[in-house]
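Down below is the structure, laid out as structure tokens.
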Amino acid sequence: MGNVPKQKTILTKHFRYERFFSQSSLLPWLLLIALAPLLIATIFTYEAAKETVQAQVEERLSHIAEEKVYQFENYIAERKSDISELALSPEVLQLVHHYKATSNPLALQKMGKENLGYYLNISSQGYADIYLASPQGEIWYSTNKSVAAGENIQQIPVGYNQLAKIFDEANTLMSIQLSSVETDENKAIRHFYLATPVFENGRIAAILILSLPSERIRKALTAATNLGQSGETLMGPPTGNERIISSKKVIDTTTMNYFENSKMGEILREAGWGTSGYGELTDQNRIHVLAAWQYLPSLGWGILAKMNIAEAFAPIGQLRRQLYLLTALTLGLVILLARLIASNIRRAEERTEQLLLNILPVTIAERLKQGERTIADNFEATVLFTDIVGFTELSKEMRPENVVEFLNNIFSGFDLIIENSHAEKIKTIGDSYMLVSGLPDPNPNHAKNVIGVALAMKQKLAEYNIENNTHFQMRTGIASGAVTAGIVGFKKFSYDVWGNTVNTASRMESQSLPDQIQVAESTYLLLKDDYHFEKRGEIAVKGMGIMTTYFLLGAKEKQSQNETRF
């Protein structure tokens, strides 16, 4: 009970310190007001410069992406024109006639090479191979050693899926078709296929297929690029990131696995579905970049142009360093001021929190802070009422301040008892003290908790009598059962408990005897194996009729584990 004056002293010191602390913070406030314009101007200058540079780079990347789409579409259009002209050339029709007339395609390979080999040697076109096949899929001509003349295109080795697919599409759709990327059997060269039907007298006489190595695509990606040292252009399909083509180098497996699950990989796939845009991303090398992406209509892929942020923002690096120097002092002052304000706010919050917890259980306080306004719950609990015998008459002879001091000392001691006993103080009315266990968090030992508190409170009052040469006595009543608990009020709210159990506990207290703890039968039945009780018998309880009650005598001694058992 001696803790109360100590707390008062601590609070007084704390108030004096806080008042001095607030006065000493006046200078930082003045400094902030004086330097705020400079700080704001510095921040806005840098942010404006950064936004301008970023907007310019993103605009440039968008133009580059659009330019790459234009270049690629032109490149594909030129290649489609090539294969269209080649399909109409007399040389190809002559080869078709020869292949139809012979049963030995191998004998005609030399003729095919003489007629078609010219197109393989044109550096600007750079075809890797030319296939000529019958409408039924028999390969008449190819320079690929892995594909034998006379073999059916549907039965060629694994690694030529796109070749077979593009053959079927050109044969079925009867028009020029462009395949997706394909890697050869050695996983070394990636290429595309262009296929077109060769018509004679309105019927398909053959299928002509050109192989376009991805290196030619990479050259188209890198041509006339203004991406700086770190710039890179990527192409990829809506699905299957393993087929991505980079303007710099082939992406290794480890990097590709990361890229496939990255945001950039997702955006490149989405670009293949027709989206476009720009923004800040993390690339396959885990470097922050600015990027812009577009859709490639002819291929149905996405294309993305990117540049490292570090390089993109290099022009404002010097400005940033100058701004750092100008704002160093201001930043230091702001940090100091922020710490002071945060400290004040934190203490205010702690005081508010403590005040809330002084009148409400922790669980209920948290629910109120989260926005609940109507709080009412049902529990199985044990309720205790206690008061000081004869205190009402005694208080008439005491000075008001002495009454308050006495109750404060006694009830503060009771508060300390229940602090770690899984019980909640509900309220005090005059010299009456009410507590309950089993709420707001359900506790199966609620009855035992309250009995323990009741015995400790009785002991605390006895100690007070000895210390102060007084003879106060308590009258205590306890009951167990169902209760309803909730918040009452909207401005000056309180946590209260209702129900027949509460009424019973109140009657147990009012009709108890001095220095006795009277319990209802509901509590007795829960604790009869752990505590000694004296049966008072049947008494008439106001408003409740005849009830059997008991006086608590104390706890039963536990049988020693080392006691000899017979």
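Residues in the structure tokens are named by chain (A, B, ... in the order shown) and by number from 1 within that chain; ligands are numbered from 1 in the order shown.
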With only C-alpha atoms as the counted atoms, please give the residues lying no more than 9 Å from segment 85-99 of chain A, apart from itself and same-chain residues fewer than 3 positions off, as a list in words.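 Skipping anything fewer than 3 positions along the chain leaves Lys80, Ser81, Asp82, Thr102, Ser103, Asn104, Pro105, Leu108, Met111, Gly112, Asn115, Leu116, Leu132, Ala133, Ser134, Trp140, Thr196, Pro197, Val198, Phe199, Glu200, Ala205, Ala206, Ile207 and Leu208 of chain A.
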Output C-alpha atoms for every residue in that selection, as a PDB file, in the first residue's frame.
ATOM      1  CA  LYS A  80       7.177 -12.430 -96.293  1.00  0.00           C
ATOM      2  CA  SER A  81       7.667 -10.577 -99.539  1.00  0.00           C
ATOM      3  CA  ASP A  82      10.803 -12.663-100.185  1.00  0.00           C
ATOM      4  CA  THR A 102      11.222 -38.744-109.656  1.00  0.00           C
ATOM      5  CA  SER A 103      11.104 -41.335-106.953  1.00  0.00           C
ATOM      6  CA  ASN A 104      14.653 -40.510-105.789  1.00  0.00           C
ATOM      7  CA  PRO A 105      14.705 -37.038-104.121  1.00  0.00           C
ATOM      8  CA  LEU A 108      17.781 -33.858-107.118  1.00  0.00           C
ATOM      9  CA  MET A 111      19.611 -29.195-108.552  1.00  0.00           C
ATOM     10  CA  GLY A 112      17.808 -27.742-105.522  1.00  0.00           C
ATOM     11  CA  ASN A 115      18.384 -23.086-107.702  1.00  0.00           C
ATOM     12  CA  LEU A 116      17.779 -22.198-104.074  1.00  0.00           C
ATOM     13  CA  LEU A 132      10.629 -27.599 -99.972  1.00  0.00           C
ATOM     14  CA  ALA A 133       8.042 -30.267 -99.199  1.00  0.00           C
ATOM     15  CA  SER A 134       5.138 -31.916-100.926  1.00  0.00           C
ATOM     16  CA  TRP A 140      12.049 -32.744-101.244  1.00  0.00           C
ATOM     17  CA  THR A 196       3.925 -20.410 -97.737  1.00  0.00           C
ATOM     18  CA  PRO A 197       2.080 -22.698-100.136  1.00  0.00           C
ATOM     19  CA  VAL A 198       3.355 -22.920-103.717  1.00  0.00           C
ATOM     20  CA  PHE A 199       0.341 -22.806-106.033  1.00  0.00           C
ATOM     21  CA  GLU A 200       0.027 -24.267-109.513  1.00  0.00           C
ATOM     22  CA  ALA A 205       1.790 -27.985-105.369  1.00  0.00           C
ATOM     23  CA  ALA A 206       4.312 -27.696-102.520  1.00  0.00           C
ATOM     24  CA  ILE A 207       5.078 -25.939 -99.216  1.00  0.00           C
ATOM     25  CA  LEU A 208       8.100 -23.625 -99.149  1.00  0.00           C
TER      26      LEU A 208
END
Do you know which residues are at most 12 Å from His471 of chain A counting only C-alpha atoms, after dropping those on the same chain fewer than 2 positions away, and could you put them as a list of chain:residue names?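 Listing them by chain and then by number gives A:Ile388, A:Val389, A:Gly390, A:Phe391, A:Leu394, A:Leu461, A:Ala462, A:Glu463, A:Tyr464, A:Asn465, A:Ile466, A:Glu467, A:Asn468, A:Asn469, A:Gln473, A:Met474, A:Pro514, A:Asp515.
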Restricting it to C-alpha atoms, dump the selection as a PDB file, in the first residue's frame.
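Below you can see part38.pdb, which holds the result:
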ATOM      1  CA  ILE A 388     -15.969  -2.757   5.169  1.00  0.00           C
ATOM      2  CA  VAL A 389     -18.215  -3.585   8.136  1.00  0.00           C
ATOM      3  CA  GLY A 390     -19.667  -0.467   9.741  1.00  0.00           C
ATOM      4  CA  PHE A 391     -17.767   1.881   7.497  1.00  0.00           C
ATOM      5  CA  LEU A 394     -17.637   5.377  10.850  1.00  0.00           C
ATOM      6  CA  LEU A 461      -6.931  -5.917   5.707  1.00  0.00           C
ATOM      7  CA  ALA A 462      -5.564  -7.770   8.741  1.00  0.00           C
ATOM      8  CA  GLU A 463      -2.060  -6.449   7.959  1.00  0.00           C
ATOM      9  CA  TYR A 464      -3.457  -2.924   7.635  1.00  0.00           C
ATOM     10  CA  ASN A 465      -5.101  -3.224  11.048  1.00  0.00           C
ATOM     11  CA  ILE A 466      -1.822  -4.290  12.606  1.00  0.00           C
ATOM     12  CA  GLU A 467       0.149  -1.478  10.927  1.00  0.00           C
ATOM     13  CA  ASN A 468      -2.386   1.215  11.816  1.00  0.00           C
ATOM     14  CA  ASN A 469      -3.793  -0.124  15.122  1.00  0.00           C
ATOM     15  CA  GLN A 473     -13.474  -6.129   9.265  1.00  0.00           C
ATOM     16  CA  MET A 474     -14.665  -7.252   5.840  1.00  0.00           C
ATOM     17  CA  PRO A 514     -18.248  -9.746   9.746  1.00  0.00           C
ATOM     18  CA  ASP A 515     -14.861 -11.199   8.880  1.00  0.00           C
TER      19      ASP A 515
END
Please compute the atom CA of Ala149 of chain A-atom CA of Asn201 of chain A distance, one decimal, in Å.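 Between these atoms lies a distance of 25.7 Å.
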Which of these residues is nearest to Ser276 of chain A, using only C-alpha atoms: A:Thr45, A:Ser506, A:Thr143, A:Ser62? A:Ser62
